[in-house]
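Have a look at entry.pdb below; it lists PDB, C-alpha atoms, pLDDT in the B column.
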ATOM      1  CA  MET A1183      13.656  10.058  11.087  1.00 43.00           C
ATOM      2  CA  ARG A1184      12.102   8.018   8.262  1.00 44.00           C
ATOM      3  CA  ALA A1185      13.017   4.641   9.781  1.00 42.00           C
ATOM      4  CA  VAL A1186      11.669   5.700  13.175  1.00 39.00           C
ATOM      5  CA  VAL A1187       8.383   6.872  11.694  1.00 45.00           C
ATOM      6  CA  LEU A1188       8.156   3.656   9.671  1.00 46.00           C
ATOM      7  CA  ALA A1189       8.475   1.540  12.801  1.00 46.00           C
ATOM      8  CA  LEU A1190       5.854   3.625  14.575  1.00 43.00           C
ATOM      9  CA  LEU A1191       3.364   3.423  11.742  1.00 51.00           C
ATOM     10  CA  LEU A1192       3.679  -0.168  10.611  1.00 50.00           C
ATOM     11  CA  GLY A1193       4.458  -1.806  13.920  1.00 48.00           C
ATOM     12  CA  TRP A1194       6.331  -4.637  12.191  1.00 42.00           C
ATOM     13  CA  GLY A1195       9.128  -6.050  14.297  1.00 36.00           C
ATOM     14  CA  ALA A1196       9.489  -5.312  17.986  1.00 34.00           C
ATOM     15  CA  LEU A1197       6.672  -2.783  18.391  1.00 37.00           C
ATOM     16  CA  ALA A1198       3.890  -4.290  20.494  1.00 34.00           C
ATOM     17  CA  ALA A1199       1.697  -1.322  21.336  1.00 38.00           C
ATOM     18  CA  ALA A1200      -1.958  -1.878  22.073  1.00 40.00           C
ATOM     19  CA  ALA A1201      -3.667  -1.556  18.719  1.00 42.00           C
ATOM     20  CA  SER A1202      -6.459   0.857  17.920  1.00 74.00           C
ATOM     21  CA  LEU A1203      -7.170  -0.725  14.532  1.00 89.00           C
ATOM     22  CA  GLN A1204     -10.382  -2.748  14.738  1.00 93.00           C
ATOM     23  CA  LEU A1205     -10.432  -5.935  12.636  1.00 96.00           C
ATOM     24  CA  SER A1206     -13.247  -7.748  10.845  1.00 97.00           C
ATOM     25  CA  TYR A1207     -13.174 -10.875   8.670  1.00 98.00           C
ATOM     26  CA  GLN A1208     -16.495 -10.831   6.851  1.00 98.00           C
ATOM     27  CA  PRO A1209     -18.020 -14.019   5.421  1.00 97.00           C
ATOM     28  CA  ALA A1210     -17.814 -14.879   1.734  1.00 97.00           C
ATOM     29  CA  THR A1211     -20.672 -16.517  -0.159  1.00 96.00           C
ATOM     30  CA  GLU A1212     -18.850 -17.840  -3.237  1.00 95.00           C
ATOM     31  CA  PRO A1213     -17.145 -21.217  -2.618  1.00 95.00           C
ATOM     32  CA  ALA A1214     -13.823 -20.145  -4.172  1.00 95.00           C
ATOM     33  CA  LEU A1215     -13.759 -17.034  -2.021  1.00 97.00           C
ATOM     34  CA  GLN A1216     -14.785 -18.968   1.085  1.00 97.00           C
ATOM     35  CA  ARG A1217     -11.513 -20.907   0.776  1.00 96.00           C
ATOM     36  CA  ILE A1218      -9.600 -17.638   0.628  1.00 97.00           C
ATOM     37  CA  ALA A1219     -11.592 -16.155   3.521  1.00 98.00           C
ATOM     38  CA  GLU A1220     -10.796 -19.145   5.714  1.00 97.00           C
ATOM     39  CA  ARG A1221      -7.105 -19.007   4.815  1.00 95.00           C
ATOM     40  CA  VAL A1222      -6.512 -15.288   5.395  1.00 96.00           C
ATOM     41  CA  GLN A1223      -8.281 -15.475   8.758  1.00 97.00           C
ATOM     42  CA  HIS A1224      -6.344 -18.594   9.770  1.00 97.00           C
ATOM     43  CA  GLU A1225      -3.076 -16.921   8.732  1.00 95.00           C
ATOM     44  CA  GLN A1226      -4.117 -13.669  10.481  1.00 96.00           C
ATOM     45  CA  TRP A1227      -3.429 -11.372   7.552  1.00 95.00           C
ATOM     46  CA  LEU A1228      -5.183  -8.410   9.164  1.00 96.00           C
ATOM     47  CA  GLU A1229      -3.435  -8.829  12.502  1.00 94.00           C
ATOM     48  CA  ARG A1230      -0.215  -7.961  10.669  1.00 90.00           C
ATOM     49  CA  TYR A1231      -1.441  -4.363  10.482  1.00 91.00           C
ATOM     50  CA  GLN A1232      -3.084  -4.077  13.890  1.00 83.00           C
ATOM     51  CA  PRO A1233      -0.424  -1.957  15.654  1.00 76.00           C
ATOM     52  CA  SER A1234      -0.142   0.410  12.691  1.00 77.00           C
ATOM     53  CA  VAL A1235      -2.192   3.313  14.049  1.00 83.00           C
ATOM     54  CA  ALA A1236      -1.630   2.744  17.765  1.00 81.00           C
ATOM     55  CA  ASP A1237       0.786   5.668  18.004  1.00 84.00           C
ATOM     56  CA  LEU A1238      -1.374   8.107  16.064  1.00 87.00           C
ATOM     57  CA  HIS A1239      -4.043  10.374  17.528  1.00 89.00           C
ATOM     58  CA  LEU A1240      -7.159   9.525  15.507  1.00 91.00           C
ATOM     59  CA  PRO A1241     -10.530  11.189  16.138  1.00 91.00           C
ATOM     60  CA  GLN A1242     -12.324   7.826  15.930  1.00 91.00           C
ATOM     61  CA  PRO A1243     -11.481   4.124  15.643  1.00 91.00           C
ATOM     62  CA  LEU A1244     -10.344   2.872  12.256  1.00 95.00           C
ATOM     63  CA  TRP A1245     -11.654  -0.477  11.041  1.00 96.00           C
ATOM     64  CA  LEU A1246      -9.867  -2.876   8.707  1.00 97.00           C
ATOM     65  CA  ALA A1247     -11.953  -5.584   7.047  1.00 98.00           C
ATOM     66  CA  PHE A1248     -11.541  -8.429   4.612  1.00 98.00           C
ATOM     67  CA  ALA A1249     -14.734  -8.843   2.584  1.00 98.00           C
ATOM     68  CA  GLN A1250     -16.292 -10.139  -0.608  1.00 98.00           C
ATOM     69  CA  CYS A1251     -16.528  -7.111  -2.901  1.00 97.00           C
ATOM     70  CA  ASP A1252     -17.586  -8.517  -6.307  1.00 92.00           C
ATOM     71  CA  GLU A1253     -14.333  -7.171  -7.771  1.00 94.00           C
ATOM     72  CA  ALA A1254     -10.602  -7.246  -7.081  1.00 93.00           C
ATOM     73  CA  ASN A1255     -10.224  -4.051  -5.098  1.00 94.00           C
ATOM     74  CA  ALA A1256      -9.304  -2.284  -1.863  1.00 97.00           C
ATOM     75  CA  TYR A1257     -10.930   0.918  -0.669  1.00 97.00           C
ATOM     76  CA  TYR A1258     -11.482   3.339   2.212  1.00 98.00           C
ATOM     77  CA  SER A1259     -14.938   4.535   3.241  1.00 97.00           C
ATOM     78  CA  ARG A1260     -16.512   6.472   6.099  1.00 95.00           C
ATOM     79  CA  ASP A1261     -20.119   6.875   7.138  1.00 92.00           C
ATOM     80  CA  GLU A1262     -21.923   7.754  10.361  1.00 87.00           C
ATOM     81  CA  GLN A1263     -21.090   4.364  11.873  1.00 86.00           C
ATOM     82  CA  ARG A1264     -17.422   3.829  11.068  1.00 92.00           C
ATOM     83  CA  ALA A1265     -14.324   4.634   9.077  1.00 96.00           C
ATOM     84  CA  GLN A1266     -13.092   1.494   7.351  1.00 97.00           C
ATOM     85  CA  ILE A1267     -10.411   0.161   5.033  1.00 98.00           C
ATOM     86  CA  THR A1268     -11.691  -2.844   3.082  1.00 98.00           C
ATOM     87  CA  LEU A1269      -9.442  -5.420   1.448  1.00 98.00           C
ATOM     88  CA  CYS A1270     -11.195  -7.768  -0.966  1.00 98.00           C
ATOM     89  CA  TYR A1271     -10.986 -11.550  -1.183  1.00 98.00           C
ATOM     90  CA  GLU A1272     -11.222 -11.137  -4.956  1.00 98.00           C
ATOM     91  CA  ASP A1273      -7.881  -9.317  -4.942  1.00 96.00           C
ATOM     92  CA  VAL A1274      -6.258 -12.359  -3.332  1.00 97.00           C
ATOM     93  CA  GLN A1275      -7.893 -14.525  -5.985  1.00 96.00           C
ATOM     94  CA  ASP A1276      -6.726 -12.206  -8.762  1.00 94.00           C
ATOM     95  CA  SER A1277      -3.161 -12.109  -7.419  1.00 95.00           C
ATOM     96  CA  GLU A1278      -3.028 -15.886  -7.115  1.00 95.00           C
ATOM     97  CA  ALA A1279      -4.246 -16.293 -10.696  1.00 94.00           C
ATOM     98  CA  ARG A1280      -1.703 -13.799 -12.037  1.00 92.00           C
ATOM     99  CA  TYR A1281       1.236 -15.496 -10.359  1.00 94.00           C
ATOM    100  CA  ALA A1282      -0.039 -18.972 -11.267  1.00 94.00           C
ATOM    101  CA  GLN A1283       0.050 -17.945 -14.916  1.00 93.00           C
ATOM    102  CA  TRP A1284       3.541 -16.482 -14.589  1.00 92.00           C
ATOM    103  CA  LEU A1285       4.686 -19.617 -12.751  1.00 93.00           C
ATOM    104  CA  ALA A1286       3.448 -21.759 -15.639  1.00 94.00           C
ATOM    105  CA  GLU A1287       5.327 -19.504 -18.055  1.00 91.00           C
ATOM    106  CA  GLY A1288       8.528 -19.701 -16.000  1.00 88.00           C
ATOM    107  CA  ASP A1289       8.514 -16.007 -15.077  1.00 89.00           C
ATOM    108  CA  VAL A1290       8.416 -16.427 -11.287  1.00 90.00           C
ATOM    109  CA  GLU A1291       9.630 -18.980  -8.747  1.00 94.00           C
ATOM    110  CA  ALA A1292       6.996 -20.782  -6.671  1.00 95.00           C
ATOM    111  CA  GLU A1293       8.701 -19.921  -3.382  1.00 93.00           C
ATOM    112  CA  GLU A1294       8.550 -16.197  -4.197  1.00 92.00           C
ATOM    113  CA  ILE A1295       4.800 -16.027  -4.716  1.00 94.00           C
ATOM    114  CA  PRO A1296       3.472 -15.915  -1.110  1.00 94.00           C
ATOM    115  CA  ALA A1297       5.781 -13.027  -0.178  1.00 93.00           C
ATOM    116  CA  LEU A1298       4.975 -11.113  -3.366  1.00 92.00           C
ATOM    117  CA  ILE A1299       1.245 -11.420  -2.708  1.00 93.00           C
ATOM    118  CA  GLN A1300       1.737 -10.316   0.911  1.00 92.00           C
ATOM    119  CA  GLN A1301       3.743  -7.309  -0.222  1.00 92.00           C
ATOM    120  CA  TRP A1302       0.994  -6.356  -2.671  1.00 93.00           C
ATOM    121  CA  PHE A1303      -1.461  -6.295   0.220  1.00 94.00           C
ATOM    122  CA  ASP A1304       0.999  -4.312   2.333  1.00 93.00           C
ATOM    123  CA  TYR A1305       1.022  -1.713  -0.436  1.00 92.00           C
ATOM    124  CA  SER A1306      -2.773  -1.836  -0.795  1.00 95.00           C
ATOM    125  CA  TYR A1307      -3.205  -1.346   2.949  1.00 96.00           C
ATOM    126  CA  LEU A1308      -0.746   1.560   3.064  1.00 94.00           C
ATOM    127  CA  HIS A1309      -2.395   3.215   0.060  1.00 94.00           C
ATOM    128  CA  GLU A1310      -5.831   3.017   1.687  1.00 96.00           C
ATOM    129  CA  LEU A1311      -4.367   4.091   5.023  1.00 96.00           C
ATOM    130  CA  GLY A1312      -3.211   7.184   3.178  1.00 94.00           C
ATOM    131  CA  HIS A1313      -6.821   7.933   2.228  1.00 94.00           C
ATOM    132  CA  ALA A1314      -7.888   7.304   5.824  1.00 96.00           C
ATOM    133  CA  LEU A1315      -5.278   9.656   7.277  1.00 95.00           C
ATOM    134  CA  ILE A1316      -6.092  12.389   4.760  1.00 94.00           C
ATOM    135  CA  ASP A1317      -9.742  12.116   5.792  1.00 95.00           C
ATOM    136  CA  LEU A1318      -9.533  11.548   9.546  1.00 95.00           C
ATOM    137  CA  LEU A1319      -6.595  13.863  10.247  1.00 94.00           C
ATOM    138  CA  GLU A1320      -7.735  16.429   7.675  1.00 94.00           C
ATOM    139  CA  LEU A1321      -4.317  16.402   6.044  1.00 91.00           C
ATOM    140  CA  PRO A1322      -4.022  18.855   3.155  1.00 86.00           C
ATOM    141  CA  ALA A1323      -3.568  17.024  -0.150  1.00 78.00           C
ATOM    142  CA  LEU A1324      -2.540  19.003  -3.209  1.00 74.00           C
ATOM    143  CA  GLY A1325      -3.431  17.370  -6.503  1.00 75.00           C
ATOM    144  CA  ARG A1326      -5.214  14.058  -6.879  1.00 84.00           C
ATOM    145  CA  GLU A1327      -5.753  12.270  -3.597  1.00 90.00           C
ATOM    146  CA  GLU A1328      -4.993   8.943  -5.294  1.00 90.00           C
ATOM    147  CA  ASP A1329      -1.501  10.187  -6.153  1.00 90.00           C
ATOM    148  CA  VAL A1330      -0.940  11.365  -2.582  1.00 92.00           C
ATOM    149  CA  ALA A1331      -2.032   7.963  -1.217  1.00 93.00           C
ATOM    150  CA  ASP A1332       0.485   6.281  -3.531  1.00 92.00           C
ATOM    151  CA  GLN A1333       3.170   8.676  -2.316  1.00 93.00           C
ATOM    152  CA  LEU A1334       2.459   7.850   1.318  1.00 92.00           C
ATOM    153  CA  ALA A1335       2.632   4.121   0.565  1.00 92.00           C
ATOM    154  CA  ALA A1336       5.967   4.636  -1.208  1.00 93.00           C
ATOM    155  CA  TYR A1337       7.318   6.719   1.671  1.00 91.00           C
ATOM    156  CA  PHE A1338       6.862   3.866   4.115  1.00 87.00           C
ATOM    157  CA  MET A1339       7.554   0.916   1.806  1.00 88.00           C
ATOM    158  CA  PHE A1340      10.926   2.023   0.512  1.00 86.00           C
ATOM    159  CA  ALA A1341      12.390   2.605   3.974  1.00 79.00           C
ATOM    160  CA  ASP A1342      11.543  -0.982   4.936  1.00 77.00           C
ATOM    161  CA  GLU A1343      14.020  -3.852   4.659  1.00 75.00           C
ATOM    162  CA  ASP A1344      11.657  -5.582   2.210  1.00 77.00           C
ATOM    163  CA  GLY A1345      11.426  -2.515  -0.011  1.00 83.00           C
ATOM    164  CA  GLU A1346      12.806  -4.223  -3.115  1.00 88.00           C
ATOM    165  CA  LEU A1347      10.246  -7.010  -2.866  1.00 87.00           C
ATOM    166  CA  ALA A1348       7.497  -4.461  -2.213  1.00 88.00           C
ATOM    167  CA  LEU A1349       8.453  -2.518  -5.329  1.00 92.00           C
ATOM    168  CA  GLN A1350       8.444  -5.673  -7.446  1.00 91.00           C
ATOM    169  CA  SER A1351       5.001  -6.644  -6.163  1.00 89.00           C
ATOM    170  CA  VAL A1352       3.615  -3.198  -7.046  1.00 88.00           C
ATOM    171  CA  LEU A1353       5.111  -3.387 -10.536  1.00 88.00           C
ATOM    172  CA  ASP A1354       3.528  -6.830 -10.909  1.00 89.00           C
ATOM    173  CA  GLY A1355       0.182  -5.467  -9.760  1.00 82.00           C
ATOM    174  CA  TYR A1356       0.289  -2.669 -12.330  1.00 80.00           C
ATOM    175  CA  SER A1357       1.632  -4.793 -15.187  1.00 71.00           C
ATOM    176  CA  GLU A1358      -1.696  -4.940 -17.023  1.00 68.00           C
ATOM    177  CA  GLU A1359      -1.949  -2.215 -19.653  1.00 63.00           C
ATOM    178  CA  ASP A1360      -4.863   0.232 -19.520  1.00 56.00           C
ATOM    179  CA  GLU A1361      -7.032   0.986 -22.501  1.00 58.00           C
ATOM    180  CA  LEU A1362      -6.608   4.646 -23.439  1.00 53.00           C
ATOM    181  CA  SER A1363     -10.315   5.396 -23.284  1.00 57.00           C
ATOM    182  CA  ASP A1364     -11.894   8.649 -22.130  1.00 45.00           C
ATOM    183  CA  GLU A1365     -13.040   6.817 -19.005  1.00 62.00           C
ATOM    184  CA  ALA A1366      -9.505   5.665 -18.173  1.00 52.00           C
ATOM    185  CA  LEU A1367      -8.000   9.084 -18.848  1.00 48.00           C
ATOM    186  CA  ALA A1368     -10.642  10.809 -16.695  1.00 46.00           C
ATOM    187  CA  ASP A1369     -10.295   8.350 -13.802  1.00 50.00           C
ATOM    188  CA  PRO A1370      -9.019   9.768 -10.483  1.00 49.00           C
ATOM    189  CA  HIS A1371      -6.340   7.051 -10.526  1.00 59.00           C
ATOM    190  CA  ALA A1372      -3.320   7.457 -12.786  1.00 59.00           C
ATOM    191  CA  LEU A1373      -2.873   4.834 -15.491  1.00 78.00           C
ATOM    192  CA  ASN A1374      -1.171   1.615 -14.384  1.00 78.00           C
ATOM    193  CA  ALA A1375       1.993   2.451 -16.317  1.00 86.00           C
ATOM    194  CA  GLN A1376       2.133   5.919 -14.762  1.00 90.00           C
ATOM    195  CA  ARG A1377       1.745   4.511 -11.258  1.00 90.00           C
ATOM    196  CA  ALA A1378       4.493   1.976 -11.972  1.00 92.00           C
ATOM    197  CA  PHE A1379       6.883   4.665 -13.264  1.00 94.00           C
ATOM    198  CA  ASN A1380       6.094   6.840 -10.243  1.00 94.00           C
ATOM    199  CA  MET A1381       6.977   3.996  -7.882  1.00 93.00           C
ATOM    200  CA  LEU A1382      10.221   3.340  -9.754  1.00 95.00           C
ATOM    201  CA  CYS A1383      11.141   7.019  -9.457  1.00 96.00           C
ATOM    202  CA  TRP A1384      10.300   7.319  -5.765  1.00 96.00           C
ATOM    203  CA  ALA A1385      12.231   4.151  -4.938  1.00 96.00           C
ATOM    204  CA  TYR A1386      15.260   5.381  -6.869  1.00 96.00           C
ATOM    205  CA  GLY A1387      14.922   8.792  -5.255  1.00 96.00           C
ATOM    206  CA  ALA A1388      14.761   7.221  -1.790  1.00 95.00           C
ATOM    207  CA  ASP A1389      18.024   5.297  -2.265  1.00 95.00           C
ATOM    208  CA  ALA A1390      19.771   5.439  -5.632  1.00 95.00           C
ATOM    209  CA  GLU A1391      22.247   2.708  -4.700  1.00 94.00           C
ATOM    210  CA  ARG A1392      19.771   0.256  -3.231  1.00 94.00           C
ATOM    211  CA  TYR A1393      17.247   0.783  -6.030  1.00 95.00           C
ATOM    212  CA  ALA A1394      19.712   1.275  -8.888  1.00 95.00           C
ATOM    213  CA  TRP A1395      17.786  -1.215 -11.022  1.00 94.00           C
ATOM    214  CA  ALA A1396      14.658   0.927 -10.667  1.00 94.00           C
ATOM    215  CA  GLY A1397      16.524   3.925 -12.026  1.00 95.00           C
ATOM    216  CA  GLU A1398      17.586   1.915 -15.060  1.00 95.00           C
ATOM    217  CA  GLU A1399      13.915   1.398 -15.940  1.00 94.00           C
ATOM    218  CA  LEU A1400      13.275   5.156 -16.101  1.00 95.00           C
ATOM    219  CA  PRO A1401      13.881   7.620 -18.931  1.00 95.00           C
ATOM    220  CA  GLU A1402      16.915   9.769 -18.118  1.00 95.00           C
ATOM    221  CA  ALA A1403      14.876  12.976 -17.915  1.00 94.00           C
ATOM    222  CA  ARG A1404      12.672  11.516 -15.161  1.00 96.00           C
ATOM    223  CA  ARG A1405      15.507   9.723 -13.382  1.00 96.00           C
ATOM    224  CA  GLU A1406      17.497  12.926 -12.908  1.00 96.00           C
ATOM    225  CA  GLY A1407      14.702  14.502 -10.868  1.00 96.00           C
ATOM    226  CA  CYS A1408      13.797  11.541  -8.662  1.00 97.00           C
ATOM    227  CA  ALA A1409      16.020  12.456  -5.704  1.00 97.00           C
ATOM    228  CA  ASP A1410      14.471  15.917  -5.434  1.00 96.00           C
ATOM    229  CA  GLU A1411      10.984  14.514  -6.047  1.00 95.00           C
ATOM    230  CA  TYR A1412      11.348  12.005  -3.233  1.00 96.00           C
ATOM    231  CA  ALA A1413      12.943  14.534  -0.855  1.00 96.00           C
ATOM    232  CA  ILE A1414       9.940  16.837  -1.237  1.00 94.00           C
ATOM    233  CA  LEU A1415       7.600  13.874  -0.718  1.00 92.00           C
ATOM    234  CA  ALA A1416       9.370  12.683   2.439  1.00 94.00           C
ATOM    235  CA  ASP A1417       9.696  16.142   3.981  1.00 94.00           C
ATOM    236  CA  SER A1418       6.018  16.836   3.343  1.00 92.00           C
ATOM    237  CA  PHE A1419       4.819  13.690   5.110  1.00 90.00           C
ATOM    238  CA  GLU A1420       7.161  14.155   8.061  1.00 91.00           C
ATOM    239  CA  GLN A1421       5.771  17.650   8.608  1.00 93.00           C
ATOM    240  CA  LEU A1422       2.144  16.648   8.075  1.00 92.00           C
ATOM    241  CA  LEU A1423       2.254  13.650  10.415  1.00 92.00           C
ATOM    242  CA  ALA A1424       4.445  15.168  13.147  1.00 92.00           C
ATOM    243  CA  PRO A1425       1.577  16.812  15.119  1.00 92.00           C
ATOM    244  CA  HIS A1426      -0.414  13.572  15.194  1.00 91.00           C
ATOM    245  CA  TRP A1427       1.990  11.164  16.900  1.00 85.00           C
ATOM    246  CA  ARG A1428       1.181  10.309  20.516  1.00 80.00           C
ATOM    247  CA  GLU A1429       4.891  10.621  21.271  1.00 70.00           C
ATOM    248  CA  ALA A1430       7.150  12.685  19.045  1.00 52.00           C
ATOM    249  CA  ALA A1431       9.564  10.625  16.977  1.00 48.00           C
ATOM    250  CA  PRO A1432      13.168  11.460  17.945  1.00 37.00           C
TER     251      PRO A1432
END
Take the structure in the file and give it back as structure tokens.
Amino acid sequence: MRAVVLALLLGWGALAAAASLQLSYQPATEPALQRIAERVQHEQWLERYQPSVADLHLPQPLWLAFAQCDEANAYYSRDEQRAQITLCYEDVQDSEARYAQWLAEGDVEAEEIPALIQQWFDYSYLHELGHALIDLLELPALGREEDVADQLAAYFMFADEDGELALQSVLDGYSEEDELSDEALADPHALNAQRAFNMLCWAYGADAERYAWAGEELPEARREGCADEYAILADSFEQLLAPHWREAAP
């Protein structure tokens, strides 16, 4: 079931359904970001996700935009005009800078970088799509919505053939340590380290053999519960999404 739902949602591979995701490449004003804006549009980064909601019943169109945001970020928003996922040019810039530093330090191979950055944006898109589906489909979300959006991203990423690379890109993205301030502890997002450990656990729970290395990064007490944790996660999303497919997944 999981692989079928993955193909329906992401549309990567043979799926060529008419897309209901509306795309927008918004102009950048800063010269460094203009270079990035031109590149992502030329390389059609957003088109990669266009079939992703074609097989879902949504109450209104969903927009996906690349924009200048004044910070490295991705977010979902809805107003009277539109529901929109926004990916930020600054996040591309930030990712490029991070990997350039690691390349100089010998911690990553140059040929790996483009795929790692793409996988980071796959995760970012899926996380924000989680927010969009919770909102537009009125899916019940127990606990922090940010955690649920991470769970949905994990559910789809770790069934994909590039799951190992996706996990590594997420760990890279959350490698910066948070300051343990009141503001950080009160934030609706979990701390970077917590999000990284969650992803390791869900990957290991999804397939202990394939993601054995992820399990080795976890404390034993957490590792022992990952299979059950992921099973609950997967079963929950399959039940929540089932009524919203245009055609039921076999």
Rank A:Glu1220, A:Glu1429, A:Asp1304, A:Asp1289 by their smallest atom-to-atom distance to Ala1336 of chain A, using all atoms listed in the file, and report the top residue only.
->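 Among A:Glu1220, A:Glu1429, A:Asp1304, A:Asp1289, it is A:Asp1304 that comes nearest to Ala1336 of chain A.
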Straight-line distance linking atom CA of Trp1395 of chain A with atom CA of Asp1344 of chain A, stated in Å to one decimal |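 Computing the Euclidean distance for atom CA of Trp1395 of chain A and atom CA of Asp1344 of chain A yields 15.2 Å.
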Of the listed residues A:Gln1223, A:Gly1288, A:His1313, A:Tyr1412, that which approaches Arg1260 of chain A most closely, counting all atoms listed in the file |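 Result for the nearest residue to Arg1260 of chain A: A:His1313.
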Identify all residues satisfying the PyMOL selection byres ((chain A and resi 1428) around 7) in the given file; provide them as a list of chain:residue names.
-> A:Asp1237, A:Leu1238, A:His1239, A:His1426, A:Trp1427, A:Glu1429, A:Ala1430
Ala1331 of chain A proximity check over A:Gln1421, A:Thr1211, A:Gln1242, A:Ser1306, using all atoms listed in the file: winner is A:Ser1306
Within 10 Å of Ala1265 of chain A, counting all atoms listed in the file, which residues qualify if same-chain residues fewer than 3 places away don't, as an mmCIF file with C-alpha atoms, in the frame of the given file?
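Okay, this is what ended up in result.cif:
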data_model
loop_
_atom_site.group_PDB
_atom_site.id
_atom_site.type_symbol
_atom_site.label_atom_id
_atom_site.label_comp_id
_atom_site.auth_asym_id
_atom_site.auth_seq_id
_atom_site.Cartn_x
_atom_site.Cartn_y
_atom_site.Cartn_z
ATOM 1 C CA GLN A 1242 -12.324 7.826 15.930
ATOM 2 C CA PRO A 1243 -11.481 4.124 15.643
ATOM 3 C CA LEU A 1244 -10.344 2.872 12.256
ATOM 4 C CA TRP A 1245 -11.654 -0.477 11.041
ATOM 5 C CA LEU A 1246 -9.867 -2.876 8.707
ATOM 6 C CA TYR A 1258 -11.482 3.339 2.212
ATOM 7 C CA SER A 1259 -14.938 4.535 3.241
ATOM 8 C CA ARG A 1260 -16.512 6.472 6.099
ATOM 9 C CA ASP A 1261 -20.119 6.875 7.138
ATOM 10 C CA GLU A 1262 -21.923 7.754 10.361
ATOM 11 C CA THR A 1268 -11.691 -2.844 3.082
ATOM 12 C CA ALA A 1314 -7.888 7.304 5.824
ATOM 13 C CA ASP A 1317 -9.742 12.116 5.792
ATOM 14 C CA LEU A 1318 -9.533 11.548 9.546
#
Point-to-point distance from atom CA of Glu1229 of chain A to atom CA of Ala1247 of chain A, Å rounded to tenths =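 Atom CA of Ala1247 of chain A lies at a distance of 10.6 Å from atom CA of Glu1229 of chain A.
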Quick one: pull the distance between atom CA of Ala1416 of chain A and atom CA of Tyr1337 of chain A, Å, one decimal.
->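 Atom-to-atom, atom CA of Ala1416 of chain A and atom CA of Tyr1337 of chain A are spaced 6.4 Å apart.
Selection result for the displayed file, with the PyMOL selection byres ((chain A and resi 1312) around 8) as criterion, is Leu1308, His1309, Glu1310, Leu1311, His1313, Ala1314, Leu1315, Ile1316, Val1330, Ala1331, Asp1332, Leu1334 and Ala1335 of chain A.
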Considering all atoms listed in the file, return as a ChimeraX atom specification whatever protein or nucleic-acid residues lie within 12 Å of Glu1253 of chain A, sequence-local ones (same chain, fewer than 5 positions apart) excluded.
-> /A:1215,1268-1276
Shell around Leu1298 of chain A at 8 Å using only C-alpha atoms, local window under 5 positions removed, as a list in words =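 Skipping anything fewer than 5 positions along the chain leaves Leu1347, Ala1348, Gln1350 and Ser1351 of chain A.
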Taking all atoms listed in the file into account, which of A:Ala1256, A:Val1222, A:Leu1203, A:Leu1319 comes nearest Val1235 of chain A?
->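 Counting all atoms listed in the file, the residue closest to Val1235 of chain A is A:Leu1203.
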Proximity to Leu1373 of chain A - best of A:Asp1329, A:Glu1406, A:Asp1389, A:Glu1343, all atoms listed in the file =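 Among the listed residues, A:Asp1329 lies closest to Leu1373 of chain A.
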Can you work out which one of A:Ala1390, A:Ala1210, A:Tyr1257, A:Ser1202 has the shortest atom-to-atom distance to Pro1233 of chain A, counting all atoms listed in the file?
-> A:Ser1202
May I have the centre and edge lengths, in Å to one decimal, of an axis-aligned box around the listed atoms of segment 1310-1327 of chain A with 3 Å added to every side, as lines of an AutoDock Vina configuration file?
center_x = -6.1
center_y = 11.0
center_z = 1.7
size_x = 13.2
size_y = 22.0
size_z = 23.1
Apply the PyMOL selection byres ((chain A and resi 1354) around 12) to the displayed file and report the matching residues as number ranges by chain.
-> A: 1276-1278, 1280-1281, 1284, 1289-1290, 1295, 1298-1299, 1301-1302, 1305, 1347-1353, 1355-1359, 1374-1375, 1377-1378, 1381
